[in-house]
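Listing of coords.cif; format and content: mmCIF, C-alpha atoms.
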data_data
#
loop_
_atom_site.group_PDB
_atom_site.id
_atom_site.type_symbol
_atom_site.label_atom_id
_atom_site.label_comp_id
_atom_site.auth_asym_id
_atom_site.auth_seq_id
_atom_site.Cartn_x
_atom_site.Cartn_y
_atom_site.Cartn_z
ATOM 1 C CA MET M 235 90.082 80.001 96.981
ATOM 2 C CA GLU M 236 89.899 83.324 98.760
ATOM 3 C CA THR M 237 86.541 84.990 99.400
ATOM 4 C CA LYS M 238 85.802 87.838 96.997
ATOM 5 C CA ILE M 239 86.522 91.304 98.397
ATOM 6 C CA PRO M 240 83.251 93.131 99.176
ATOM 7 C CA SER M 241 82.471 96.081 96.909
ATOM 8 C CA ASP M 242 80.510 98.112 99.475
ATOM 9 C CA GLU M 243 83.009 98.304 102.358
ATOM 10 C CA PHE M 244 85.997 100.361 103.516
ATOM 11 C CA ILE M 245 87.866 98.104 105.925
ATOM 12 C CA ILE M 246 91.344 98.646 107.375
ATOM 13 C CA LYS M 247 93.326 95.770 108.889
ATOM 14 C CA PHE M 248 96.662 96.062 110.678
ATOM 15 C CA TRP M 249 99.205 93.306 110.047
ATOM 16 C CA GLY M 250 102.349 95.077 111.324
ATOM 17 C CA VAL M 251 102.353 98.090 113.650
ATOM 18 C CA ARG M 252 105.908 98.275 115.001
ATOM 19 C CA GLY M 253 108.662 100.638 113.852
ATOM 20 C CA SER M 254 112.377 100.339 113.020
ATOM 21 C CA ILE M 255 112.910 96.630 113.779
ATOM 22 C CA PRO M 256 110.734 93.614 114.593
ATOM 23 C CA SER M 257 110.337 93.163 118.334
ATOM 24 C CA PRO M 258 108.920 89.715 119.136
ATOM 25 C CA GLY M 259 108.787 88.574 122.726
ATOM 26 C CA ALA M 260 106.696 88.128 125.829
ATOM 27 C CA SER M 261 106.347 91.876 126.401
ATOM 28 C CA THR M 262 104.942 92.665 122.924
ATOM 29 C CA VAL M 263 102.414 89.861 122.427
ATOM 30 C CA ARG M 264 99.232 91.931 122.726
ATOM 31 C CA TYR M 265 100.141 94.771 120.372
ATOM 32 C CA GLY M 266 102.493 92.796 118.153
ATOM 33 C CA GLY M 267 106.114 92.965 117.095
ATOM 34 C CA ASN M 268 105.873 92.939 113.288
ATOM 35 C CA THR M 269 106.801 96.042 111.304
ATOM 36 C CA SER M 270 104.614 98.243 109.131
ATOM 37 C CA CYS M 271 101.960 96.682 106.924
ATOM 38 C CA VAL M 272 98.362 97.880 106.588
ATOM 39 C CA GLU M 273 95.718 96.301 104.354
ATOM 40 C CA MET M 274 92.596 98.104 103.146
ATOM 41 C CA TYR M 275 89.514 96.746 101.396
ATOM 42 C CA VAL M 276 88.124 99.728 99.533
ATOM 43 C CA GLY M 277 85.226 99.460 97.087
ATOM 44 C CA GLY M 278 86.099 95.910 96.035
ATOM 45 C CA LYS M 279 89.870 96.436 95.814
ATOM 46 C CA ARG M 280 92.686 95.261 98.075
ATOM 47 C CA LEU M 281 95.190 98.003 98.879
ATOM 48 C CA ILE M 282 98.395 97.149 100.781
ATOM 49 C CA PHE M 283 100.511 99.865 102.367
ATOM 50 C CA ASP M 284 104.161 98.998 103.038
ATOM 51 C CA GLY M 285 105.790 95.595 103.134
ATOM 52 C CA GLY M 286 107.277 95.224 106.609
ATOM 53 C CA THR M 287 107.363 91.863 108.357
ATOM 54 C CA GLY M 288 103.592 92.074 108.875
ATOM 55 C CA LEU M 289 103.274 91.369 105.129
ATOM 56 C CA ARG M 290 104.204 87.736 105.771
ATOM 57 C CA LEU M 291 101.136 87.306 107.988
ATOM 58 C CA LEU M 292 98.942 88.996 105.391
ATOM 59 C CA GLY M 293 100.260 86.606 102.755
ATOM 60 C CA LYS M 294 99.521 83.565 104.914
ATOM 61 C CA SER M 295 95.916 84.746 105.235
ATOM 62 C CA ILE M 296 95.306 84.774 101.474
ATOM 63 C CA GLN M 297 97.606 82.140 99.994
ATOM 64 C CA PRO M 298 97.879 80.583 97.539
ATOM 65 C CA LYS M 299 95.643 82.480 95.100
ATOM 66 C CA MET M 300 94.062 85.890 95.462
ATOM 67 C CA SER M 301 90.542 86.475 94.210
ATOM 68 C CA GLU M 302 91.501 89.827 92.644
ATOM 69 C CA PRO M 303 94.674 91.794 91.789
ATOM 70 C CA ALA M 304 96.193 93.711 94.705
ATOM 71 C CA TYR M 305 97.525 97.266 94.758
ATOM 72 C CA MET M 306 100.690 97.910 96.786
ATOM 73 C CA PHE M 307 101.924 101.327 97.955
ATOM 74 C CA PHE M 308 105.216 102.200 99.607
ATOM 75 C CA THR M 309 105.879 105.168 101.850
ATOM 76 C CA HIS M 310 109.649 104.601 101.546
ATOM 77 C CA TYR M 311 112.168 101.758 101.539
ATOM 78 C CA HIS M 312 113.835 101.574 104.931
ATOM 79 C CA TRP M 313 114.186 97.943 105.966
ATOM 80 C CA ASP M 314 111.268 97.924 108.403
ATOM 81 C CA HIS M 315 108.958 98.704 105.466
ATOM 82 C CA ILE M 316 110.227 96.083 102.991
ATOM 83 C CA GLN M 317 111.533 93.103 104.999
ATOM 84 C CA GLY M 318 108.346 91.090 104.555
ATOM 85 C CA ILE M 319 108.455 91.072 100.754
ATOM 86 C CA PRO M 320 110.701 87.989 100.294
ATOM 87 C CA PHE M 321 108.333 86.048 102.587
ATOM 88 C CA PHE M 322 105.052 87.132 100.960
ATOM 89 C CA PHE M 323 103.723 83.804 99.671
ATOM 90 C CA PRO M 324 101.256 85.184 97.074
ATOM 91 C CA ALA M 325 104.209 86.719 95.200
ATOM 92 C CA PHE M 326 105.448 83.204 94.370
ATOM 93 C CA SER M 327 102.319 82.271 92.401
ATOM 94 C CA GLU M 328 102.060 83.121 88.716
ATOM 95 C CA ASP M 329 98.277 83.283 89.140
ATOM 96 C CA ASN M 330 98.494 86.504 91.164
ATOM 97 C CA CYS M 331 98.882 90.104 90.022
ATOM 98 C CA PHE M 332 100.243 93.080 91.959
ATOM 99 C CA HIS M 333 100.150 96.730 90.935
ATOM 100 C CA ILE M 334 103.134 98.236 92.754
ATOM 101 C CA HIS M 335 103.250 101.993 93.396
ATOM 102 C CA GLY M 336 105.990 104.147 94.851
ATOM 103 C CA GLN M 337 108.463 106.926 94.276
ATOM 104 C CA VAL M 338 112.100 106.037 93.695
ATOM 105 C CA PRO M 339 114.431 107.840 96.137
ATOM 106 C CA ASN M 340 116.251 110.796 94.623
ATOM 107 C CA ASP M 341 119.840 109.689 95.177
ATOM 108 C CA GLY M 342 121.326 110.990 91.946
ATOM 109 C CA LYS M 343 120.862 107.719 90.068
ATOM 110 C CA PRO M 344 117.855 107.949 87.701
ATOM 111 C CA MET M 345 115.866 104.753 88.005
ATOM 112 C CA LYS M 346 112.332 103.536 87.351
ATOM 113 C CA MET M 347 110.237 101.819 90.005
ATOM 114 C CA GLN M 348 110.553 98.425 88.330
ATOM 115 C CA GLN M 349 114.349 98.456 88.411
ATOM 116 C CA HIS M 350 114.401 99.945 91.922
ATOM 117 C CA PHE M 351 112.118 97.193 93.213
ATOM 118 C CA ARG M 352 114.069 94.340 91.649
ATOM 119 C CA ASP M 353 117.565 95.691 92.347
ATOM 120 C CA ARG M 354 117.075 97.289 95.763
ATOM 121 C CA VAL M 355 113.919 96.012 97.430
ATOM 122 C CA LEU M 356 114.527 92.427 96.312
ATOM 123 C CA HIS M 357 118.186 93.017 97.041
ATOM 124 C CA THR M 358 121.124 90.630 97.342
ATOM 125 C CA ASN M 359 120.508 90.263 101.074
ATOM 126 C CA SER M 360 117.198 88.550 100.364
ATOM 127 C CA PRO M 361 117.173 84.797 101.101
ATOM 128 C CA VAL M 362 114.795 84.234 98.179
ATOM 129 C CA PRO M 363 116.112 84.482 94.583
ATOM 130 C CA THR M 364 114.358 87.135 92.509
ATOM 131 C CA ALA M 365 113.482 84.470 89.928
ATOM 132 C CA GLU M 366 111.187 82.788 92.470
ATOM 133 C CA VAL M 367 108.867 85.814 92.453
ATOM 134 C CA LYS M 368 106.535 84.558 89.722
ATOM 135 C CA ALA M 369 103.495 86.810 90.197
ATOM 136 C CA ASP M 370 102.624 89.344 87.513
ATOM 137 C CA LEU M 371 104.169 92.578 88.823
ATOM 138 C CA LYS M 372 103.108 95.878 87.277
ATOM 139 C CA PHE M 373 104.954 99.028 88.350
ATOM 140 C CA TYR M 374 103.860 102.649 88.652
ATOM 141 C CA ASP M 375 106.177 105.597 89.318
ATOM 142 C CA LEU M 376 104.457 108.087 91.590
ATOM 143 C CA VAL M 377 105.260 111.777 91.881
ATOM 144 C CA CYS M 378 104.887 112.796 95.506
ATOM 145 C CA GLY M 379 102.298 115.543 95.844
ATOM 146 C CA GLU M 380 100.113 114.354 93.000
ATOM 147 C CA THR M 381 96.667 112.728 93.142
ATOM 148 C CA PHE M 382 95.605 109.703 91.104
ATOM 149 C CA THR M 383 92.617 107.376 90.925
ATOM 150 C CA LEU M 384 91.846 103.666 90.907
ATOM 151 C CA ASP M 385 88.383 103.656 89.361
ATOM 152 C CA ASP M 386 86.257 105.392 92.037
ATOM 153 C CA ILE M 387 89.050 105.512 94.638
ATOM 154 C CA SER M 388 91.027 108.759 94.893
ATOM 155 C CA ILE M 389 94.555 108.632 96.335
ATOM 156 C CA GLU M 390 96.363 111.811 97.340
ATOM 157 C CA THR M 391 100.066 111.881 98.184
ATOM 158 C CA ALA M 392 102.270 114.305 100.090
ATOM 159 C CA PRO M 393 105.908 114.450 101.232
ATOM 160 C CA LEU M 394 106.738 113.602 104.840
ATOM 161 C CA ASN M 395 109.593 114.850 107.030
ATOM 162 C CA HIS M 396 111.787 111.767 107.299
ATOM 163 C CA PRO M 397 115.465 110.945 106.584
ATOM 164 C CA ASN M 398 115.822 110.071 102.874
ATOM 165 C CA GLY M 399 112.167 111.074 102.383
ATOM 166 C CA ALA M 400 108.808 109.340 102.734
ATOM 167 C CA MET M 401 105.318 109.718 101.297
ATOM 168 C CA GLY M 402 101.946 109.986 103.011
ATOM 169 C CA TYR M 403 98.678 108.772 101.470
ATOM 170 C CA ARG M 404 95.029 109.810 101.717
ATOM 171 C CA ILE M 405 92.575 107.209 100.435
ATOM 172 C CA SER M 406 89.109 108.558 99.611
ATOM 173 C CA TRP M 407 86.120 106.511 98.489
ATOM 174 C CA GLY M 408 82.596 107.883 98.478
ATOM 175 C CA GLU M 409 82.074 109.762 101.733
ATOM 176 C CA TYR M 410 84.953 108.006 103.527
ATOM 177 C CA ALA M 411 88.633 108.906 103.853
ATOM 178 C CA ALA M 412 91.610 107.326 105.622
ATOM 179 C CA VAL M 413 95.098 108.805 105.924
ATOM 180 C CA TYR M 414 98.233 106.664 106.227
ATOM 181 C CA CYS M 415 100.979 108.922 107.513
ATOM 182 C CA THR M 416 103.885 107.029 109.006
ATOM 183 C CA ASP M 417 107.582 107.837 109.334
ATOM 184 C CA THR M 418 107.305 111.569 109.688
ATOM 185 C CA GLU M 419 108.636 114.071 112.206
ATOM 186 C CA HIS M 420 106.682 117.125 113.247
ATOM 187 C CA PHE M 421 108.094 120.655 113.314
ATOM 188 C CA PRO M 422 108.723 122.595 116.532
ATOM 189 C CA ASP M 423 106.863 125.775 115.612
ATOM 190 C CA HIS M 424 103.958 124.704 113.359
ATOM 191 C CA ILE M 425 101.873 121.741 112.218
ATOM 192 C CA ASP M 426 103.236 120.147 109.069
ATOM 193 C CA GLU M 427 101.101 121.650 106.311
ATOM 194 C CA HIS M 428 101.413 118.523 104.152
ATOM 195 C CA VAL M 429 100.094 116.263 106.902
ATOM 196 C CA LEU M 430 97.405 118.788 107.744
ATOM 197 C CA GLU M 431 96.196 118.964 104.149
ATOM 198 C CA LEU M 432 96.090 115.186 103.773
ATOM 199 C CA SER M 433 94.183 114.845 107.040
ATOM 200 C CA GLU M 434 91.511 117.515 106.514
ATOM 201 C CA GLY M 435 88.141 116.056 107.542
ATOM 202 C CA ALA M 436 89.315 112.423 107.343
ATOM 203 C CA ASP M 437 87.579 109.596 109.183
ATOM 204 C CA VAL M 438 90.851 108.197 110.487
ATOM 205 C CA LEU M 439 94.513 109.240 110.661
ATOM 206 C CA ILE M 440 97.040 106.412 111.031
ATOM 207 C CA TYR M 441 99.955 108.393 112.409
ATOM 208 C CA ASP M 442 103.606 107.799 113.268
ATOM 209 C CA ALA M 443 103.581 108.234 117.055
ATOM 210 C CA MET M 444 106.774 106.397 117.872
ATOM 211 C CA TYR M 445 107.462 108.512 120.942
ATOM 212 C CA THR M 446 105.712 110.426 123.654
ATOM 213 C CA ASP M 447 106.417 114.154 123.949
ATOM 214 C CA GLU M 448 108.413 113.366 127.093
ATOM 215 C CA GLU M 449 110.646 110.901 125.241
ATOM 216 C CA TYR M 450 110.995 113.168 122.233
ATOM 217 C CA HIS M 451 112.272 116.069 124.357
ATOM 218 C CA ASN M 452 114.160 114.024 126.960
ATOM 219 C CA PRO M 453 117.305 116.105 127.678
ATOM 220 C CA LYS M 454 119.364 112.986 128.351
ATOM 221 C CA SER M 455 118.320 111.180 125.166
ATOM 222 C CA PRO M 456 116.334 113.463 122.837
ATOM 223 C CA LYS M 457 114.759 112.039 119.690
ATOM 224 C CA VAL M 458 114.677 115.329 117.788
ATOM 225 C CA GLY M 459 115.875 114.738 114.227
ATOM 226 C CA TRP M 460 115.251 110.993 114.264
ATOM 227 C CA GLY M 461 112.378 111.257 111.773
ATOM 228 C CA HIS M 462 109.446 110.276 113.995
ATOM 229 C CA SER M 463 106.639 111.980 115.862
ATOM 230 C CA THR M 464 104.528 111.674 119.019
ATOM 231 C CA TRP M 465 100.949 110.757 119.846
ATOM 232 C CA GLU M 466 100.449 114.227 121.326
ATOM 233 C CA GLU M 467 101.286 115.757 117.941
ATOM 234 C CA GLY M 468 98.863 113.329 116.331
ATOM 235 C CA VAL M 469 96.100 114.627 118.599
ATOM 236 C CA ARG M 470 96.976 118.219 117.699
ATOM 237 C CA ILE M 471 96.783 117.415 113.979
ATOM 238 C CA CYS M 472 93.443 115.628 114.339
ATOM 239 C CA LYS M 473 91.881 118.497 116.262
ATOM 240 C CA GLU M 474 93.180 121.083 113.804
ATOM 241 C CA ALA M 475 92.137 119.070 110.729
ATOM 242 C CA GLY M 476 88.814 117.799 112.058
ATOM 243 C CA VAL M 477 89.811 114.108 111.922
ATOM 244 C CA LYS M 478 87.342 111.791 113.657
ATOM 245 C CA GLN M 479 89.780 109.178 114.930
ATOM 246 C CA LEU M 480 93.512 108.915 115.593
ATOM 247 C CA ILE M 481 95.267 105.557 115.342
ATOM 248 C CA VAL M 482 98.696 105.585 117.015
ATOM 249 C CA PHE M 483 101.091 103.607 114.794
ATOM 250 C CA HIS M 484 104.766 102.639 114.259
ATOM 251 C CA HIS M 485 105.427 101.759 117.901
ATOM 252 C CA GLU M 486 108.938 102.081 119.312
ATOM 253 C CA PRO M 487 110.467 98.570 119.488
ATOM 254 C CA ASN M 488 111.195 98.925 123.222
ATOM 255 C CA HIS M 489 107.656 99.968 124.123
ATOM 256 C CA SER M 490 106.069 97.035 125.941
ATOM 257 C CA ASP M 491 102.396 96.095 126.010
ATOM 258 C CA ASP M 492 102.110 97.652 129.470
ATOM 259 C CA PHE M 493 103.681 100.899 128.237
ATOM 260 C CA LEU M 494 101.293 101.024 125.282
ATOM 261 C CA ASP M 495 98.353 100.346 127.589
ATOM 262 C CA CYS M 496 99.263 103.549 129.438
ATOM 263 C CA VAL M 497 99.581 105.447 126.156
ATOM 264 C CA ALA M 498 96.204 104.110 125.031
ATOM 265 C CA LYS M 499 94.553 105.482 128.153
ATOM 266 C CA GLN M 500 96.134 108.901 127.638
ATOM 267 C CA VAL M 501 95.226 108.980 123.950
ATOM 268 C CA HIS M 502 91.610 108.090 124.669
ATOM 269 C CA GLU M 503 91.393 110.786 127.332
ATOM 270 C CA ALA M 504 92.838 113.375 124.941
ATOM 271 C CA MET M 505 90.733 112.253 121.971
ATOM 272 C CA PRO M 506 87.896 109.833 122.838
ATOM 273 C CA GLY M 507 87.398 106.965 120.413
ATOM 274 C CA SER M 508 91.011 106.916 119.276
ATOM 275 C CA ALA M 509 93.213 103.855 119.701
ATOM 276 C CA ILE M 510 96.643 102.249 119.655
ATOM 277 C CA ALA M 511 97.204 100.082 116.563
ATOM 278 C CA ARG M 512 97.690 96.401 117.278
ATOM 279 C CA GLU M 513 98.204 93.405 115.009
ATOM 280 C CA GLY M 514 94.905 91.997 113.821
ATOM 281 C CA MET M 515 92.919 95.136 114.635
ATOM 282 C CA THR M 516 90.221 95.966 112.089
ATOM 283 C CA LEU M 517 88.391 99.214 111.397
ATOM 284 C CA ASP M 518 85.240 99.391 109.302
ATOM 285 C CA LEU M 519 84.685 102.984 108.225
ATOM 286 C CA THR M 520 81.203 102.168 106.947
ATOM 287 C CA LYS M 521 80.024 101.473 110.512
ATOM 288 C CA PRO M 522 79.038 104.286 112.888
ATOM 289 C CA PHE M 523 81.953 105.954 114.657
ATOM 290 C CA PRO M 524 83.436 105.153 117.125
ATOM 291 C CA ASN M 525 82.098 101.586 117.233
ATOM 292 C CA HIS M 526 83.822 100.246 114.144
ATOM 293 C CA PHE M 527 86.576 98.168 115.820
#

Please lay out the structure from this file as structure tokens.
Amino acid sequence: METKIPSDEFIIKFWGVRGSIPSPGASTVRYGGNTSCVEMYVGGKRLIFDGGTGLRLLGKSIQPKMSEPAYMFFTHYHWDHIQGIPFFFPAFSEDNCFHIHGQVPNDGKPMKMQQHFRDRVLHTNSPVPTAEVKADLKFYDLVCGETFTLDDISIETAPLNHPNGAMGYRISWGEYAAVYCTDTEHFPDHIDEHVLELSEGADVLIYDAMYTDEEYHNPKSPKVGWGHSTWEEGVRICKEAGVKQLIVFHHEPNHSDDFLDCVAKQVHEAMPGSAIAREGMTLDLTKPFPNHF
């Protein structure tokens, strides 16, 4: 039986931090090769953001039965954000309950979240039959840009600049706030007002920094228009919005541990106390900044 989730903590744990495609191997051991999945314990509730391959590891940590229902939130449905779902062991137990939140892509085919999840997320390419998912699944259709609550937790949403769309989240509880803002591309002439608004005064911004500015503007292989941002832009947002800590997230699959070590040094110099996300890393927002790793 899993230990009960504490009701007086705001803890963030990273289970998958890589972008686009899993990248296991000797050169990615320290930061990890699993794709996007972030777990938060907030005021006694388990919140899960995205279901990349890191979700499998999360599931192994809590199987077979969860102590409480879990709340899942999707930024969007590109494969690197949903590939872990068929391998999420707690979903196979009828004793577990998941409240699944997201916005269905606007592709001209009206569809509710429940149908979208079963027909597209648990799609025909999945090696696990849909019938094997026995947990109690409850679905909620979000409208990007709106704010909603889970008891005393407030969750704000905003659109992100990404191919086919994506949604950013701000999670506020008491005096603490964390922003999960992955798969977004900055603009050349101004800071994205949606990201800026979500980030205002937050304790931490988990930000899509797939590239460096040098890579993004590389004349031989530019990444402009690819739907991702840079750690330098993340620093600019944090300084403009008064964010305490930047967490660089959604690492490029070809970025090795050594490369990310160099980025970590630069990020810390530009914004002391900030960090590069790595699998297994934990933040406790209720502990004094910046010593909550």

Using all atoms listed in the file and a cutoff of 12 Å, can you tell me which residues are near (102.1, 89.3, 117.3) in the file's coordinates, and write them out as a short mmCIF file (atom, residue, chain, number, x, y, z; two decimals) with C-alpha atoms, keeping the file's coordinate frame?
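The resulting out-v7.cif:
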data_model
loop_
_atom_site.label_atom_id
_atom_site.label_comp_id
_atom_site.auth_asym_id
_atom_site.auth_seq_id
_atom_site.Cartn_x
_atom_site.Cartn_y
_atom_site.Cartn_z
CA PHE M 248 96.66 96.06 110.68
CA TRP M 249 99.20 93.31 110.05
CA GLY M 250 102.35 95.08 111.32
CA VAL M 251 102.35 98.09 113.65
CA ARG M 252 105.91 98.28 115.00
CA PRO M 256 110.73 93.61 114.59
CA SER M 257 110.34 93.16 118.33
CA PRO M 258 108.92 89.72 119.14
CA GLY M 259 108.79 88.57 122.73
CA ALA M 260 106.70 88.13 125.83
CA SER M 261 106.35 91.88 126.40
CA THR M 262 104.94 92.66 122.92
CA VAL M 263 102.41 89.86 122.43
CA ARG M 264 99.23 91.93 122.73
CA TYR M 265 100.14 94.77 120.37
CA GLY M 266 102.49 92.80 118.15
CA GLY M 267 106.11 92.96 117.10
CA ASN M 268 105.87 92.94 113.29
CA THR M 269 106.80 96.04 111.30
CA THR M 287 107.36 91.86 108.36
CA GLY M 288 103.59 92.07 108.88
CA ARG M 290 104.20 87.74 105.77
CA LEU M 291 101.14 87.31 107.99
CA ASP M 491 102.40 96.10 126.01
CA ALA M 511 97.20 100.08 116.56
CA ARG M 512 97.69 96.40 117.28
CA GLU M 513 98.20 93.40 115.01
CA GLY M 514 94.90 92.00 113.82
CA MET M 515 92.92 95.14 114.64
#

How far is it from atom CA of Leu519 of chain M to atom CA of Tyr305 of chain M, in Å with one decimal?
19.5 Å

Excluding Gly435 of chain M and its own-chain neighbours fewer than 5 positions away, which residues fall within 12 Å of it when counting all atoms listed in the file? Please give them as a list of chain:residue names.
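Here the qualifying residues turn out to be M:Arg404, M:Ser406, M:Glu409, M:Tyr410, M:Ala411, M:Ala412, M:Val413, M:Val429, M:Leu430, M:Ile471, M:Cys472, M:Lys473, M:Glu474, M:Ala475, M:Gly476, M:Val477, M:Lys478, M:Gln479.
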
Provide the atom CA of Met274 of chain M to atom CA of Ala304 of chain M distance in Å, to one decimal place.
10.2 Å

My list of candidates is M:Lys299, M:Asp375, M:Lys346, M:Ala443. Which is closest to Leu494 of chain M when distances are computed with all atoms listed in the file?
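Among M:Lys299, M:Asp375, M:Lys346, M:Ala443, it is M:Ala443 that comes nearest to Leu494 of chain M.
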
Which residues match the PyMOL selection byres ((chain M and resi 292-297) around 12) in the file above, as a PyMOL selection string?
chain M and resi 235-239+247-250+268+270-274+280-291+298-304+318-327+329-330+513-514

Using the chain letters and numbers from this file, what does the PyMOL selection byres ((chain M and resi 396-401) around 8) select? Give the answer as a ChimeraX atom specification.
/M:308-310,339,378,391-395,402-403,415,417-419,460-462

Restricted to C-alpha atoms, what would the selected residues look like written as a PDB file, in the frame of the given file?
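Wrote it out as out_10.pdb, contents follow:
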ATOM      1  CA  PHE M 308     105.216 102.200  99.607  1.00  0.00           C
ATOM      2  CA  THR M 309     105.879 105.168 101.850  1.00  0.00           C
ATOM      3  CA  HIS M 310     109.649 104.601 101.546  1.00  0.00           C
ATOM      4  CA  PRO M 339     114.431 107.840  96.137  1.00  0.00           C
ATOM      5  CA  CYS M 378     104.887 112.796  95.506  1.00  0.00           C
ATOM      6  CA  THR M 391     100.066 111.881  98.184  1.00  0.00           C
ATOM      7  CA  ALA M 392     102.270 114.305 100.090  1.00  0.00           C
ATOM      8  CA  PRO M 393     105.908 114.450 101.232  1.00  0.00           C
ATOM      9  CA  LEU M 394     106.738 113.602 104.840  1.00  0.00           C
ATOM     10  CA  ASN M 395     109.593 114.850 107.030  1.00  0.00           C
ATOM     11  CA  GLY M 402     101.946 109.986 103.011  1.00  0.00           C
ATOM     12  CA  TYR M 403      98.678 108.772 101.470  1.00  0.00           C
ATOM     13  CA  CYS M 415     100.979 108.922 107.513  1.00  0.00           C
ATOM     14  CA  ASP M 417     107.582 107.837 109.334  1.00  0.00           C
ATOM     15  CA  THR M 418     107.305 111.569 109.688  1.00  0.00           C
ATOM     16  CA  GLU M 419     108.636 114.071 112.206  1.00  0.00           C
ATOM     17  CA  TRP M 460     115.251 110.993 114.264  1.00  0.00           C
ATOM     18  CA  GLY M 461     112.378 111.257 111.773  1.00  0.00           C
ATOM     19  CA  HIS M 462     109.446 110.276 113.995  1.00  0.00           C
TER      20      HIS M 462
END

Once the PyMOL selection byres ((chain M and resi 510) around 9) has been evaluated on this model, what residues remain selected, and can you format them as a PDB file with C-alpha atoms, in the coordinates of the input?
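What follows is the written file expr.pdb:
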ATOM      1  CA  TYR M 265     100.141  94.771 120.372  1.00  0.00           C
ATOM      2  CA  LEU M 480      93.512 108.915 115.593  1.00  0.00           C
ATOM      3  CA  ILE M 481      95.267 105.557 115.342  1.00  0.00           C
ATOM      4  CA  VAL M 482      98.696 105.585 117.015  1.00  0.00           C
ATOM      5  CA  PHE M 483     101.091 103.607 114.794  1.00  0.00           C
ATOM      6  CA  HIS M 485     105.427 101.759 117.901  1.00  0.00           C
ATOM      7  CA  LEU M 494     101.293 101.024 125.282  1.00  0.00           C
ATOM      8  CA  ASP M 495      98.353 100.346 127.589  1.00  0.00           C
ATOM      9  CA  VAL M 497      99.581 105.447 126.156  1.00  0.00           C
ATOM     10  CA  ALA M 498      96.204 104.110 125.031  1.00  0.00           C
ATOM     11  CA  VAL M 501      95.226 108.980 123.950  1.00  0.00           C
ATOM     12  CA  SER M 508      91.011 106.916 119.276  1.00  0.00           C
ATOM     13  CA  ALA M 509      93.213 103.855 119.701  1.00  0.00           C
ATOM     14  CA  ALA M 511      97.204 100.082 116.563  1.00  0.00           C
ATOM     15  CA  ARG M 512      97.690  96.401 117.278  1.00  0.00           C
TER      16      ARG M 512
END

Exercise: Trp407 of chain M partners within 12 Å, only C-alpha atoms, chain neighbours under 2 positions left out, as a PyMOL selection string:
chain M and resi 241-245+274-279+383-390+404-405+409-413+436-437+519-520

Please define a box with edges along x, y and z of the file around all atoms of segment 428-444 of chain M given in the file, extend it by 8 Å on each side, and return its centre and edge lengths in Å to one decimal, as lines of an AutoDock Vina configuration file.
center_x = 97.2
center_y = 112.7
center_z = 110.8
size_x = 35.2
size_y = 28.6
size_z = 30.1

Can you list, as an NGL selection string, every protein, DNA or RNA residue that comes within 8 Å of Leu376 of chain M when you count all atoms listed in the file, leaving out same-chain residues fewer than 5 positions away?
:M and (335-337)

To one decimal place in Å, what is the distance between atom CA of Glu467 of chain M and atom CA of Met306 of chain M?
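So the two atoms, atom CA of Glu467 of chain M and atom CA of Met306 of chain M, lie 27.7 Å apart.
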
Across M:Ile246, M:Val355, M:Gly253, M:Asp423, the smallest distance to Asp442 of chain M, with only C-alpha atoms counted, is shown by M:Gly253

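With distances restricted to only C-alpha atoms, M:Val469 is the closest residue to Met505 of chain M from M:Leu356, M:Val377, M:Val367, M:Val469.
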
One residue among M:Thr516, M:Asn488, M:Ser455, M:Thr364 is nearest to Arg352 of chain M when using only C-alpha atoms, and that residue is M:Thr364
